[in-house]
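One file, coords.cif, carrying mmCIF, C-alpha atoms and all ligand atoms:
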```
data_data
#
loop_
_atom_site.label_atom_id
_atom_site.label_comp_id
_atom_site.auth_asym_id
_atom_site.auth_seq_id
_atom_site.Cartn_x
_atom_site.Cartn_y
_atom_site.Cartn_z
CA MET R 1148 7.53 -19.78 31.30
CA LYS R 1149 6.53 -18.85 27.77
CA ILE R 1150 8.40 -16.14 25.86
CA ASP R 1151 7.56 -14.66 22.46
CA LYS R 1152 8.96 -12.04 20.15
CA CYS R 1153 6.33 -9.37 19.46
CA LYS R 1154 5.43 -9.47 15.78
CA TRP R 1155 5.26 -5.65 15.72
CA LYS R 1156 6.96 -2.76 17.49
CA TYR R 1157 5.61 -1.83 20.96
CA GLY R 1158 3.69 -5.14 20.97
CA LYS R 1159 0.99 -3.56 18.79
CA GLN R 1160 -1.65 -5.72 17.10
CA ALA R 1161 -0.99 -4.68 13.49
CA PRO R 1162 0.72 -1.88 11.54
CA LEU R 1163 -1.04 0.58 9.25
CA VAL R 1164 0.36 2.62 6.37
CA ILE R 1165 -1.35 4.75 3.73
CA MET R 1166 0.30 3.87 0.40
CA MET R 1167 0.13 6.93 -1.85
CA ASP R 1168 1.03 5.95 -5.42
CA ASP R 1169 2.13 8.32 -8.18
CA LEU R 1170 3.47 11.36 -6.41
CA ALA R 1171 5.11 13.33 -9.22
CA ASN R 1172 5.95 16.84 -10.40
CA LYS R 1173 2.73 16.93 -12.37
CA TYR R 1174 -0.79 18.39 -12.36
CA MET R 1175 -3.77 18.58 -14.70
CA ILE R 1176 -4.67 21.80 -16.53
CA ASP R 1177 -7.53 23.16 -18.59
CA LYS R 1178 -6.97 22.57 -22.32
CA LYS R 1179 -8.07 26.08 -23.28
CA ASP R 1180 -6.57 28.45 -20.76
CA GLY R 1181 -3.97 26.21 -19.05
CA ALA R 1182 -5.42 26.85 -15.59
CA TYR R 1183 -5.04 24.24 -12.84
CA ILE R 1184 -8.21 22.13 -12.68
CA GLY R 1185 -7.87 20.76 -9.14
CA ALA R 1186 -6.23 17.41 -9.94
CA ASP R 1187 -2.70 17.39 -8.55
CA TRP R 1188 -0.10 14.60 -8.57
CA GLY R 1189 2.19 16.68 -6.33
CA GLY R 1190 3.39 19.35 -8.76
CA ARG R 1191 1.32 22.06 -7.07
CA CYS R 1192 3.61 21.63 -4.03
CA LYS R 1193 2.08 23.27 -0.94
CA LYS R 1194 -0.25 25.69 -2.76
CA LYS R 1195 -3.88 25.95 -1.74
CA ASN R 1196 -5.97 23.13 -3.21
CA SER R 1197 -2.89 21.02 -3.96
CA TRP R 1198 -2.60 17.30 -3.14
CA TYR R 1199 -0.45 18.23 -0.12
CA ASP R 1200 -2.97 20.80 1.10
CA PHE R 1201 -5.72 18.18 0.76
CA VAL R 1202 -3.94 15.50 2.78
CA GLN R 1203 -2.99 18.05 5.45
CA ARG R 1204 -6.58 19.13 5.93
CA ASN R 1205 -8.23 15.73 5.57
CA ILE R 1206 -5.71 13.27 6.99
CA PHE R 1207 -3.03 14.85 9.17
CA GLU R 1208 -5.15 17.49 10.92
CA LYS R 1209 -7.56 14.75 11.99
CA TYR R 1210 -5.08 11.87 12.41
CA PRO R 1211 -1.72 13.53 13.21
CA TYR R 1212 -0.19 10.14 14.07
CA ALA R 1213 -0.91 8.64 10.60
CA LYS R 1214 1.99 7.64 8.34
CA MET R 1215 2.15 7.77 4.57
CA THR R 1216 4.61 6.14 2.19
CA CYS R 1217 4.48 8.06 -1.10
CA PHE R 1218 5.70 6.31 -4.24
CA LEU R 1219 7.48 8.98 -6.26
CA VAL R 1220 8.09 9.05 -10.01
CA VAL R 1221 11.39 10.93 -10.29
CA GLY R 1222 11.59 11.73 -14.02
CA ARG R 1223 8.89 13.18 -16.24
CA ARG R 1224 5.78 11.13 -15.46
CA GLU R 1225 4.59 9.74 -18.82
CA ASP R 1226 0.98 10.24 -19.96
CA PHE R 1227 -1.29 7.20 -20.24
CA ILE R 1228 -2.33 8.10 -23.81
CA ARG R 1229 -1.29 10.51 -26.55
CA ASN R 1230 -3.37 13.69 -26.82
CA GLY R 1231 -5.21 12.99 -23.62
CA LYS R 1232 -6.20 15.47 -20.94
CA LYS R 1233 -3.75 18.35 -20.66
CA ASN R 1234 -1.20 18.44 -17.89
CA ILE R 1235 2.13 19.86 -16.83
CA THR R 1236 4.61 17.05 -16.16
CA LEU R 1237 8.27 17.56 -15.23
CA PRO R 1238 11.13 15.73 -13.52
CA ILE R 1239 11.62 16.37 -9.80
CA ASP R 1240 14.62 18.67 -10.39
CA ALA R 1241 12.91 20.91 -12.96
CA ASN R 1242 11.91 23.84 -10.73
CA ASP R 1243 13.03 25.31 -7.40
CA GLU R 1244 9.56 25.17 -5.87
CA PHE R 1245 9.29 21.40 -6.39
CA ILE R 1246 12.89 20.81 -5.24
CA LYS R 1247 12.06 22.64 -2.00
CA PHE R 1248 8.78 20.73 -1.67
CA VAL R 1249 10.30 17.29 -2.21
CA ASN R 1250 13.02 18.08 0.35
CA GLU R 1251 10.45 19.17 2.93
CA VAL R 1252 8.39 16.01 2.43
CA ALA R 1253 11.51 13.80 2.47
CA ASN R 1254 12.43 15.26 5.89
CA ASP R 1255 8.91 15.15 7.35
CA GLU R 1256 8.57 12.08 9.58
CA ARG R 1257 4.90 11.59 8.73
CA PHE R 1258 5.99 10.74 5.18
CA GLU R 1259 8.39 8.40 3.48
CA LEU R 1260 9.33 8.88 -0.17
CA SER R 1261 9.81 5.61 -2.00
CA TYR R 1262 10.82 4.82 -5.60
CA HIS R 1263 8.14 4.40 -8.25
CA GLY R 1264 10.07 4.47 -11.49
CA PHE R 1265 11.72 7.05 -13.71
CA THR R 1266 8.76 7.63 -16.04
CA HIS R 1267 6.19 5.04 -14.81
CA GLY R 1268 6.10 3.58 -18.33
CA GLU R 1269 5.80 4.26 -22.06
CA ILE R 1270 3.04 4.92 -24.56
CA THR R 1271 3.29 2.40 -27.43
CA GLU R 1272 1.19 1.21 -30.36
CA ASN R 1273 -0.28 -1.37 -27.98
CA GLY R 1274 -1.21 1.09 -25.29
CA PHE R 1275 0.57 2.07 -22.10
CA ILE R 1276 3.33 -0.30 -20.95
CA GLN R 1277 4.27 -0.12 -17.25
CA GLU R 1278 7.92 0.74 -16.56
CA TRP R 1279 9.32 -2.64 -15.45
CA ASP R 1280 7.65 -4.29 -18.47
CA THR R 1281 9.48 -1.92 -20.82
CA PHE R 1282 12.97 -3.15 -19.87
CA SER R 1283 14.42 -5.61 -22.34
CA ASP R 1284 17.09 -6.98 -20.02
CA ILE R 1285 18.37 -6.88 -16.47
CA SER R 1286 21.08 -4.28 -17.10
CA GLU R 1287 18.59 -1.82 -18.61
CA ALA R 1288 16.40 -2.24 -15.52
CA VAL R 1289 19.30 -1.79 -13.08
CA GLN R 1290 20.72 1.21 -14.98
CA THR R 1291 17.35 2.97 -15.00
CA ILE R 1292 17.00 2.40 -11.26
CA GLN R 1293 20.50 3.84 -10.75
CA LYS R 1294 19.55 6.88 -12.82
CA GLY R 1295 16.45 7.33 -10.60
CA GLN R 1296 18.41 6.94 -7.35
CA LYS R 1297 21.01 9.43 -8.62
CA LEU R 1298 18.43 12.06 -9.47
CA TYR R 1299 16.72 11.66 -6.07
CA GLN R 1300 20.09 11.85 -4.32
CA LYS R 1301 20.98 15.01 -6.25
CA VAL R 1302 17.71 16.67 -5.23
CA THR R 1303 17.41 15.52 -1.58
CA GLY R 1304 20.83 14.15 -0.59
CA GLN R 1305 19.00 10.95 0.42
CA LYS R 1306 18.44 7.53 -1.12
CA PHE R 1307 15.31 5.48 -1.55
CA TRP R 1308 15.05 2.53 0.86
CA GLY R 1309 12.37 0.81 -1.18
CA GLY R 1310 9.73 1.20 -3.84
CA LYS R 1311 6.86 -0.30 -5.76
CA TYR R 1312 6.42 -1.68 -9.27
CA CYS R 1313 4.36 0.64 -11.45
CA GLY R 1314 0.92 -0.95 -11.77
CA TYR R 1315 2.40 -3.98 -9.88
CA ALA R 1316 3.63 -5.07 -13.33
CA ARG R 1317 6.86 -7.03 -13.64
CA ASN R 1318 8.54 -9.50 -15.94
CA ARG R 1319 10.91 -12.42 -15.38
CA PHE R 1320 13.94 -10.37 -14.38
CA SER R 1321 12.26 -7.50 -12.53
CA ASP R 1322 12.76 -9.00 -9.06
CA GLU R 1323 16.44 -9.55 -9.82
CA SER R 1324 16.77 -5.86 -10.75
CA ILE R 1325 15.39 -4.91 -7.30
CA ILE R 1326 17.68 -7.33 -5.45
CA LYS R 1327 20.72 -6.18 -7.46
CA SER R 1328 19.87 -2.55 -6.68
CA HIS R 1329 20.07 -3.37 -2.94
CA PHE R 1330 16.68 -1.99 -1.98
CA ASP R 1331 15.73 -2.77 1.62
CA TYR R 1332 12.13 -3.49 0.68
CA TRP R 1333 9.84 -3.58 -2.33
CA CYS R 1334 6.08 -3.69 -2.91
CA ARG R 1335 5.66 -6.36 -5.56
CA HIS R 1336 2.10 -7.50 -5.53
CA TRP R 1337 -1.49 -6.90 -4.75
CA ASP R 1338 -2.27 -9.36 -1.96
CA ALA R 1339 -5.84 -8.31 -1.17
CA ASP R 1340 -7.26 -10.82 -3.68
CA ILE R 1341 -6.38 -13.68 -1.32
CA ILE R 1342 -9.14 -12.46 0.97
CA LYS R 1343 -11.53 -12.92 -1.95
CA GLY R 1344 -10.31 -16.52 -2.18
CA LEU R 1345 -8.32 -15.82 -5.37
CA ASP R 1346 -4.90 -17.29 -4.70
CA ARG R 1347 -2.29 -16.83 -7.42
CA GLY R 1348 0.36 -18.63 -5.41
CA GLU R 1349 2.77 -15.77 -4.68
CA GLU R 1350 0.81 -13.57 -2.33
CA SER R 1351 0.67 -14.22 1.39
CA LEU R 1352 -0.49 -10.99 3.11
CA GLU R 1353 2.73 -11.31 5.16
CA LEU R 1354 6.10 -9.60 4.86
CA GLY R 1355 8.78 -11.95 3.55
CA PHE R 1356 12.18 -12.02 1.87
CA PHE R 1357 13.10 -12.31 -1.79
CA GLY R 1358 16.90 -12.30 -2.01
CA GLU R 1359 17.94 -9.86 0.72
CA THR R 1360 15.00 -7.55 0.00
CA VAL R 1361 11.81 -7.51 2.08
CA ASP R 1362 8.52 -7.92 0.24
CA ILE R 1363 5.75 -5.68 1.60
CA PRO R 1364 2.22 -6.62 0.50
CA SER R 1365 -0.63 -4.27 -0.43
CA THR R 1366 -3.71 -5.40 1.47
CA ILE R 1367 -6.55 -2.86 1.41
CA ASP R 1368 -8.14 -1.15 -1.59
CA GLY R 1369 -8.85 2.42 -0.41
CA SER R 1370 -11.79 2.54 -2.81
CA LEU R 1371 -13.56 -0.48 -1.33
CA PHE R 1372 -16.27 1.44 0.45
CA SER R 1373 -17.89 0.53 3.72
CA LEU R 1374 -21.52 -0.48 3.19
CA LYS R 1375 -22.28 1.72 6.18
CA LYS R 1376 -21.53 4.81 4.04
CA ILE R 1377 -25.01 4.93 2.61
CA ARG R 1378 -24.46 8.46 1.29
CA TYR R 1379 -22.58 6.64 -1.53
CA LEU R 1380 -25.46 4.24 -2.16
CA LEU R 1381 -25.81 5.12 -5.84
CA THR R 1382 -22.12 5.20 -6.70
CA ARG R 1383 -20.18 2.55 -8.64
CA LYS R 1384 -17.83 2.00 -5.72
CA TYR R 1385 -20.73 1.33 -3.38
CA MET R 1386 -22.06 -1.21 -5.91
CA LYS R 1387 -18.63 -2.85 -5.96
CA ALA R 1388 -18.72 -3.15 -2.16
CA LEU R 1389 -22.18 -4.68 -2.35
CA TYR R 1390 -20.98 -7.15 -5.01
CA TYR R 1391 -18.01 -8.16 -2.81
CA CYS R 1392 -20.38 -8.73 0.09
CA VAL R 1393 -22.67 -11.00 -1.93
CA LYS R 1394 -20.07 -12.79 -4.07
CA TYR R 1395 -17.18 -13.20 -1.57
CA GLN R 1396 -18.95 -12.59 1.77
CA ILE R 1397 -16.47 -9.84 2.62
CA THR R 1398 -16.86 -6.21 3.62
CA LEU R 1399 -14.30 -3.51 4.32
CA GLU R 1400 -14.80 -4.09 8.05
CA SER R 1401 -14.47 -7.90 7.83
CA ILE R 1402 -11.21 -7.51 5.86
CA ILE R 1403 -9.75 -5.15 8.48
CA ASP R 1404 -10.90 -7.41 11.34
CA LEU R 1405 -9.36 -10.45 9.67
CA LEU R 1406 -6.01 -8.75 8.99
CA VAL R 1407 -5.75 -7.34 12.53
CA SER R 1408 -6.70 -10.69 14.10
CA ARG R 1409 -3.79 -12.30 12.22
CA GLY R 1410 -1.39 -9.42 12.94
CA GLN R 1411 -1.13 -8.69 9.20
CA ILE R 1412 -0.45 -5.26 7.79
CA LEU R 1413 -3.13 -2.75 6.85
CA SER R 1414 -1.63 -1.10 3.78
CA ILE R 1415 -4.27 1.19 2.33
CA GLN R 1416 -3.78 1.67 -1.38
CA SER R 1417 -4.53 5.07 -2.90
CA HIS R 1418 -3.33 7.52 -5.60
CA THR R 1419 -2.60 11.24 -5.59
CA SER R 1420 -4.61 12.60 -8.52
CA PRO R 1421 -8.31 11.83 -9.12
CA ILE R 1422 -7.92 12.40 -12.87
CA ARG R 1423 -5.68 10.81 -15.51
CA GLU R 1424 -5.12 12.00 -19.07
CA ASP R 1425 -7.07 9.06 -20.51
CA LYS R 1426 -10.18 10.67 -18.99
CA GLU R 1427 -10.90 7.88 -16.56
CA ARG R 1428 -11.19 8.65 -12.90
CA GLN R 1429 -8.14 7.11 -11.28
CA SER R 1430 -9.22 4.38 -8.87
CA PRO R 1431 -8.49 4.36 -6.00
CA ASN R 1432 -7.62 8.00 -5.31
CA ILE R 1433 -7.40 10.04 -2.13
CA ILE R 1434 -9.84 12.77 -3.24
CA ASP R 1435 -12.82 10.59 -4.22
CA ASP R 1436 -12.20 8.07 -1.41
CA ILE R 1437 -11.37 10.44 1.43
CA LYS R 1438 -14.54 9.79 3.45
CA ASN R 1439 -13.87 6.06 3.20
CA ILE R 1440 -10.22 6.43 4.24
CA GLN R 1441 -11.28 8.58 7.20
CA TYR R 1442 -13.83 5.88 8.02
CA ILE R 1443 -11.02 3.27 8.04
CA LEU R 1444 -8.85 5.47 10.30
CA ASP R 1445 -11.80 5.88 12.68
CA TYR R 1446 -12.79 2.20 12.51
CA VAL R 1447 -9.32 0.95 13.56
CA LYS R 1448 -9.33 3.13 16.70
CA LYS R 1449 -10.79 0.13 18.55
CA TYR R 1450 -7.51 -1.73 17.88
CA ASP R 1451 -3.97 -1.15 19.15
CA ILE R 1452 -2.43 -0.09 15.82
CA TRP R 1453 1.19 0.78 15.00
CA TYR R 1454 1.18 3.66 12.48
CA ALA R 1455 4.37 3.21 10.47
CA THR R 1456 5.92 3.86 7.07
CA CYS R 1457 6.97 0.95 4.85
CA LYS R 1458 10.62 1.54 5.82
CA GLU R 1459 9.73 1.37 9.54
CA MET R 1460 7.81 -1.89 9.02
CA ASN R 1461 10.72 -3.25 7.00
CA ASP R 1462 13.12 -2.39 9.83
CA TYR R 1463 11.08 -4.10 12.53
CA PHE R 1464 10.41 -7.14 10.32
CA ARG R 1465 14.16 -7.51 9.78
CA ILE R 1466 14.76 -7.37 13.53
CA TYR R 1467 11.96 -9.88 14.16
CA SER R 1468 13.48 -12.22 11.57
CA ALA R 1469 17.07 -11.75 12.77
CA VAL R 1470 16.51 -12.39 16.48
CA ASP R 1471 16.30 -15.86 17.95
CA LEU R 1472 15.16 -16.12 21.59
CA GLN R 1473 15.89 -19.07 23.84
CA VAL R 1474 14.95 -19.66 27.45
CA GLN R 1475 17.86 -20.98 29.53
CA GLY R 1476 16.72 -21.53 33.12
CA ASP R 1477 15.92 -18.06 34.51
CA ALA R 1478 17.50 -16.26 31.59
CA ILE R 1479 16.88 -15.47 27.96
CA GLN R 1480 19.58 -15.92 25.36
CA LEU R 1481 19.48 -13.63 22.28
CA GLU R 1482 21.11 -14.80 19.05
CA ILE R 1483 21.27 -12.43 16.08
CA ASP R 1484 21.52 -13.11 12.36
CA GLU R 1485 23.40 -9.86 11.61
CA LYS R 1486 23.13 -10.03 7.82
CA LEU R 1487 19.33 -9.63 7.94
CA LEU R 1488 19.63 -6.29 9.75
CA LYS R 1489 21.18 -4.47 6.78
CA ASN R 1490 20.30 -0.74 7.16
CA VAL R 1491 18.17 -0.99 10.32
CA LEU R 1492 18.94 1.97 12.57
CA ASP R 1493 16.62 1.62 15.57
CA ARG R 1494 17.69 -1.84 16.77
CA GLU R 1495 15.23 -2.89 19.44
CA ILE R 1496 13.24 -6.09 19.74
CA TRP R 1497 9.99 -6.19 21.71
CA ILE R 1498 9.36 -9.37 23.66
CA LYS R 1499 6.57 -10.69 25.84
CA ILE R 1500 6.74 -13.09 28.76
CA TYR R 1501 3.67 -14.96 29.97
CA ASP R 1502 2.78 -16.22 33.45
CA LEU R 1503 4.82 -13.83 35.58
CA ASP R 1504 3.33 -13.22 39.04
CA PRO R 1505 1.74 -9.71 38.87
CA GLU R 1506 2.49 -9.19 42.59
CA PHE R 1507 6.14 -8.43 41.72
CA LYS R 1508 8.04 -5.98 39.55
CA TRP R 1509 9.92 -7.92 36.88
CA TYR R 1510 13.10 -6.98 35.02
CA LEU R 1511 15.50 -8.38 32.49
CA ARG R 1512 19.08 -7.75 33.56
CA ARG R 1513 22.33 -7.81 31.66
CA GLY R 1514 25.41 -6.54 33.49
CA ASP R 1515 24.46 -3.17 35.00
CA GLU R 1516 21.51 -2.65 32.65
CA LYS R 1517 17.95 -3.41 33.78
CA PHE R 1518 14.89 -3.48 31.54
CA LEU R 1519 11.52 -3.17 33.30
CA LEU R 1520 8.79 -5.53 32.11
CA SER R 1521 5.44 -3.76 32.07
CA GLN R 1522 2.22 -5.68 32.38
CA LYS R 1523 -0.16 -5.69 29.42
CA ASP R 1524 -3.15 -8.04 29.12
CA ASN R 1525 -1.98 -11.54 30.15
CA PHE R 1526 1.74 -10.94 29.60
CA HIS R 1527 4.64 -8.65 30.48
CA ILE R 1528 6.40 -6.71 27.74
CA THR R 1529 9.69 -4.88 27.21
CA ASN R 1530 12.13 -3.83 24.51
CA LEU R 1531 15.72 -5.04 24.41
CA PRO R 1532 18.71 -3.90 22.40
CA VAL R 1533 19.42 -6.24 19.49
CA ILE R 1534 22.74 -7.54 20.78
CA LYS R 1535 23.77 -11.18 21.22
CA GLY R 1536 23.84 -12.19 24.88
CA LYS R 1537 22.09 -13.37 28.00
CA PHE R 1538 19.41 -11.48 29.98
CA GLU R 1539 18.48 -12.72 33.46
CA ILE R 1540 14.84 -12.56 34.55
CA ILE R 1541 14.69 -11.03 38.03
CA LYS R 1542 11.93 -9.73 40.34
CA GLU R 1543 11.74 -7.15 43.09
ZN ZN R 1601 1.79 4.06 -10.12
#
```

Can you turn what I pasted into structure tokens?
Amino acid sequence: MKIDKCKWKYGKQAPLVIMMDDLANKYMIDKKDGAYIGADWGGRCKKKNSWYDFVQRNIFEKYPYAKMTCFLVVGRREDFIRNGKKNITLPIDANDEFIKFVNEVANDERFELSYHGFTHGEITENGFIQEWDTFSDISEAVQTIQKGQKLYQKVTGQKFWGGKYCGYARNRFSDESIIKSHFDYWCRHWDADIIKGLDRGEESLELGFFGETVDIPSTIDGSLFSLKKIRYLLTRKYMKALYYCVKYQITLESIIDLLVSRGQILSIQSHTSPIREDKERQSPNIIDDIKNIQYILDYVKKYDIWYATCKEMNDYFRIYSAVDLQVQGDAIQLEIDEKLLKNVLDREIWIKIYDLDPEFKWYLRRGDEKFLLSQKDNFHITNLPVIKGKFEIIKE
């Protein structure tokens, strides 16, 4: 008899999250009359033509099961350059409308709000420096994180479970500042380059631990267009996709197929606003790339995908890592490494058993409790509570 832990909840093939960077109380305005110009970072709240309105209409109305982890800048989101495009930028507690908005999103189970710095960085003589590169020592980094957590707690009554480095930039003590701040998970690097064959040594496309924090990789560039979207034939992003195909022999579809076949996460990287103050289009961004992101969400329908936030993936990964399964005759023994579970609330492990005779109904039994094994492909599957002990395999 062969028994395995399922790598993902419900025995799904791979998880998918839309990573939405740079949610902030900010939006772009016209330099003459101060009117909103249709580029929102979140500051327009739920108004018509806001970022929220856009993702409602284009993502959640079509894919109501999708999950989005939004990386929130809690203080005043710094401009990329001085005297750039005009915008309104404020901390998250500056106005009642945004306070109400951020609370609604924080309590909406389609979303997770995650930490993305206090300011995102600083403008200096040498250009824009990303936030974790601005800290001169570990205590400055930790204190700034505490300030960010405190402000978020004041506004929502909640805490951040995880976050992401601004621009994936970090220095020699950044990771320590995350571990010391007791985050459950953190998004530290851009792992998609491995698929291009560019290995920098740290990326793995897998979740893993650094200290007691879980590392969640970013794996799909939302602006890498499918070559099948020929309506974009003359765009720069289409040319990039063509270049990737010729130079690295990869396409959007081959990347997705590869990740799913290995049970690795599909974390689709995007940004809120299409426009930044330094006049560049922000790339990737949800507005310009929406047809491609919809294409991805349609393309993966052929797979058995688990739609989950980063926190939900972190929780299941911790369970997967904490549980040790051993077959003892006609029983399974569960051993648990409790310290890995940290703040996991929904403590269930999914397991599969191969080679059970499909003529019978199979159960796992512990005391008075019975857990039915349902047949799926060439195995039987069930979920068990994450508690140390023995489960007998029985049939009826
Ligand atoms: Zn960012």

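With only C-alpha atoms as the atoms that count, the residue of R:Ile1150, R:Ile1397, R:Met1460, R:Leu1380 with the shortest distance to Leu1413 (chain R) is R:Met1460.
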
What does the distance between CA of Leu1531 (chain R) and CA of Thr1456 (chain R) come to in Å, to one decimal place?
-> 21.8 Å

Output the neighbourhood of ligand ZN 1601 (chain R) as a PyMOL selection string, that is, all protein and nucleic acid residues with some atom at most 7 Å from the ligand, counting all atoms listed in the file.
-> chain R and resi 1168-1169+1263+1267+1313-1314

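The shortest atom-to-atom distance to Ile1528 (chain R), with all atoms listed in the file taken into account, belongs to R:Leu1503 out of R:Leu1503, R:Asn1439, R:Tyr1312, R:Glu1353.
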
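Within 10 Å of region 1295-1303 of chain R, once all atoms listed in the file are used and residues closer than 4 positions along the same chain are dropped, the contacting residues are Leu1219, Val1220, Val1221, Gly1222, Pro1238, Ile1239, Asp1240, Phe1245, Ile1246, Lys1247, Val1249, Asn1250, Glu1251, Val1252, Ala1253, Asn1254, Leu1260, Tyr1262, His1263, Gly1264, Phe1265, Thr1266, Val1289, Gln1290, Thr1291, Phe1307, Trp1308 and Ser1328 of chain R.
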
Selected residues, C-alpha atoms, written as an mmCIF file, in the frame of the given file, please.
```cif
data_model
loop_
_atom_site.group_PDB
_atom_site.id
_atom_site.type_symbol
_atom_site.label_atom_id
_atom_site.label_comp_id
_atom_site.auth_asym_id
_atom_site.auth_seq_id
_atom_site.Cartn_x
_atom_site.Cartn_y
_atom_site.Cartn_z
ATOM 1 C CA LEU R 1219 7.480 8.980 -6.260
ATOM 2 C CA VAL R 1220 8.090 9.050 -10.010
ATOM 3 C CA VAL R 1221 11.390 10.930 -10.290
ATOM 4 C CA GLY R 1222 11.590 11.730 -14.020
ATOM 5 C CA PRO R 1238 11.130 15.730 -13.520
ATOM 6 C CA ILE R 1239 11.620 16.370 -9.800
ATOM 7 C CA ASP R 1240 14.620 18.670 -10.390
ATOM 8 C CA PHE R 1245 9.290 21.400 -6.390
ATOM 9 C CA ILE R 1246 12.890 20.810 -5.240
ATOM 10 C CA LYS R 1247 12.060 22.640 -2.000
ATOM 11 C CA VAL R 1249 10.300 17.290 -2.210
ATOM 12 C CA ASN R 1250 13.020 18.080 0.350
ATOM 13 C CA GLU R 1251 10.450 19.170 2.930
ATOM 14 C CA VAL R 1252 8.390 16.010 2.430
ATOM 15 C CA ALA R 1253 11.510 13.800 2.470
ATOM 16 C CA ASN R 1254 12.430 15.260 5.890
ATOM 17 C CA LEU R 1260 9.330 8.880 -0.170
ATOM 18 C CA TYR R 1262 10.820 4.820 -5.600
ATOM 19 C CA HIS R 1263 8.140 4.400 -8.250
ATOM 20 C CA GLY R 1264 10.070 4.470 -11.490
ATOM 21 C CA PHE R 1265 11.720 7.050 -13.710
ATOM 22 C CA THR R 1266 8.760 7.630 -16.040
ATOM 23 C CA VAL R 1289 19.300 -1.790 -13.080
ATOM 24 C CA GLN R 1290 20.720 1.210 -14.980
ATOM 25 C CA THR R 1291 17.350 2.970 -15.000
ATOM 26 C CA PHE R 1307 15.310 5.480 -1.550
ATOM 27 C CA TRP R 1308 15.050 2.530 0.860
ATOM 28 C CA SER R 1328 19.870 -2.550 -6.680
#
```

Shell of 9 Å around Lys1154 (chain R), only C-alpha atoms, local chain residues under 5 positions omitted, as a VMD selection string = chain R and resid 1159 to 1161 1410 1463 to 1464 1467 1497 to 1498

Residues within 12 Å of Asn1318 (chain R), please, as a PDB file with C-alpha atoms, in the frame of the given file. Count all atoms listed in the file; anything in the same chain fewer than 4 positions from it doesn't count.
```pdb
ATOM      1  CA  ILE R1276       3.330  -0.300 -20.950  1.00  0.00           C
ATOM      2  CA  GLN R1277       4.270  -0.120 -17.250  1.00  0.00           C
ATOM      3  CA  GLU R1278       7.920   0.740 -16.560  1.00  0.00           C
ATOM      4  CA  TRP R1279       9.320  -2.640 -15.450  1.00  0.00           C
ATOM      5  CA  ASP R1280       7.650  -4.290 -18.470  1.00  0.00           C
ATOM      6  CA  THR R1281       9.480  -1.920 -20.820  1.00  0.00           C
ATOM      7  CA  PHE R1282      12.970  -3.150 -19.870  1.00  0.00           C
ATOM      8  CA  SER R1283      14.420  -5.610 -22.340  1.00  0.00           C
ATOM      9  CA  ASP R1284      17.090  -6.980 -20.020  1.00  0.00           C
ATOM     10  CA  ILE R1285      18.370  -6.880 -16.470  1.00  0.00           C
ATOM     11  CA  ALA R1288      16.400  -2.240 -15.520  1.00  0.00           C
ATOM     12  CA  TYR R1312       6.420  -1.680  -9.270  1.00  0.00           C
ATOM     13  CA  CYS R1313       4.360   0.640 -11.450  1.00  0.00           C
ATOM     14  CA  ASP R1322      12.760  -9.000  -9.060  1.00  0.00           C
ATOM     15  CA  GLU R1323      16.440  -9.550  -9.820  1.00  0.00           C
ATOM     16  CA  SER R1324      16.770  -5.860 -10.750  1.00  0.00           C
ATOM     17  CA  ILE R1325      15.390  -4.910  -7.300  1.00  0.00           C
ATOM     18  CA  ARG R1335       5.660  -6.360  -5.560  1.00  0.00           C
TER      19      ARG R1335
END
```

Extract, using all atoms listed in the file, all DNA, RNA and protein residues at most 12 Å from Ser1401 (chain R), discarding same-chain residues fewer than 5 positions from it, and format them as a ChimeraX atom specification.
-> /R:1342-1343,1367,1371,1373-1374,1388,1391-1392,1395-1396,1406-1408,1443,1446-1447

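With all atoms listed in the file as the atoms that count, the residue of R:Arg1494, R:Lys1394, R:Tyr1510, R:Leu1472 with the shortest distance to Gly1344 (chain R) is R:Lys1394.
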
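Ranking R:Asp1243, R:Asp1524, R:Asp1151, R:Glu1485 by their shortest atom-to-atom distance to Cys1192 (chain R), with only C-alpha atoms included, puts R:Asp1243 first.
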
Protein and nucleic acid residues near (10.5, -17.1, 29.1) (cut-off 10 Å, only C-alpha atoms) as a PyMOL selection string | chain R and resi 1148-1151+1472-1480+1498-1503+1540

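Comparing R:Asn1196, R:Phe1201, R:Arg1423, R:Asp1515 by their smallest distance to Asn1230 (chain R), the closest is R:Arg1423 (using only C-alpha atoms).
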
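Straight-line separation from CA of Gln1411 (chain R) to CA of Trp1337 (chain R): 14.1 Å.
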
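Nearest residue to His1336 (chain R), choosing from R:Gly1310, R:Pro1364, R:Gly1355, R:Pro1211 and counting only C-alpha atoms: R:Pro1364.
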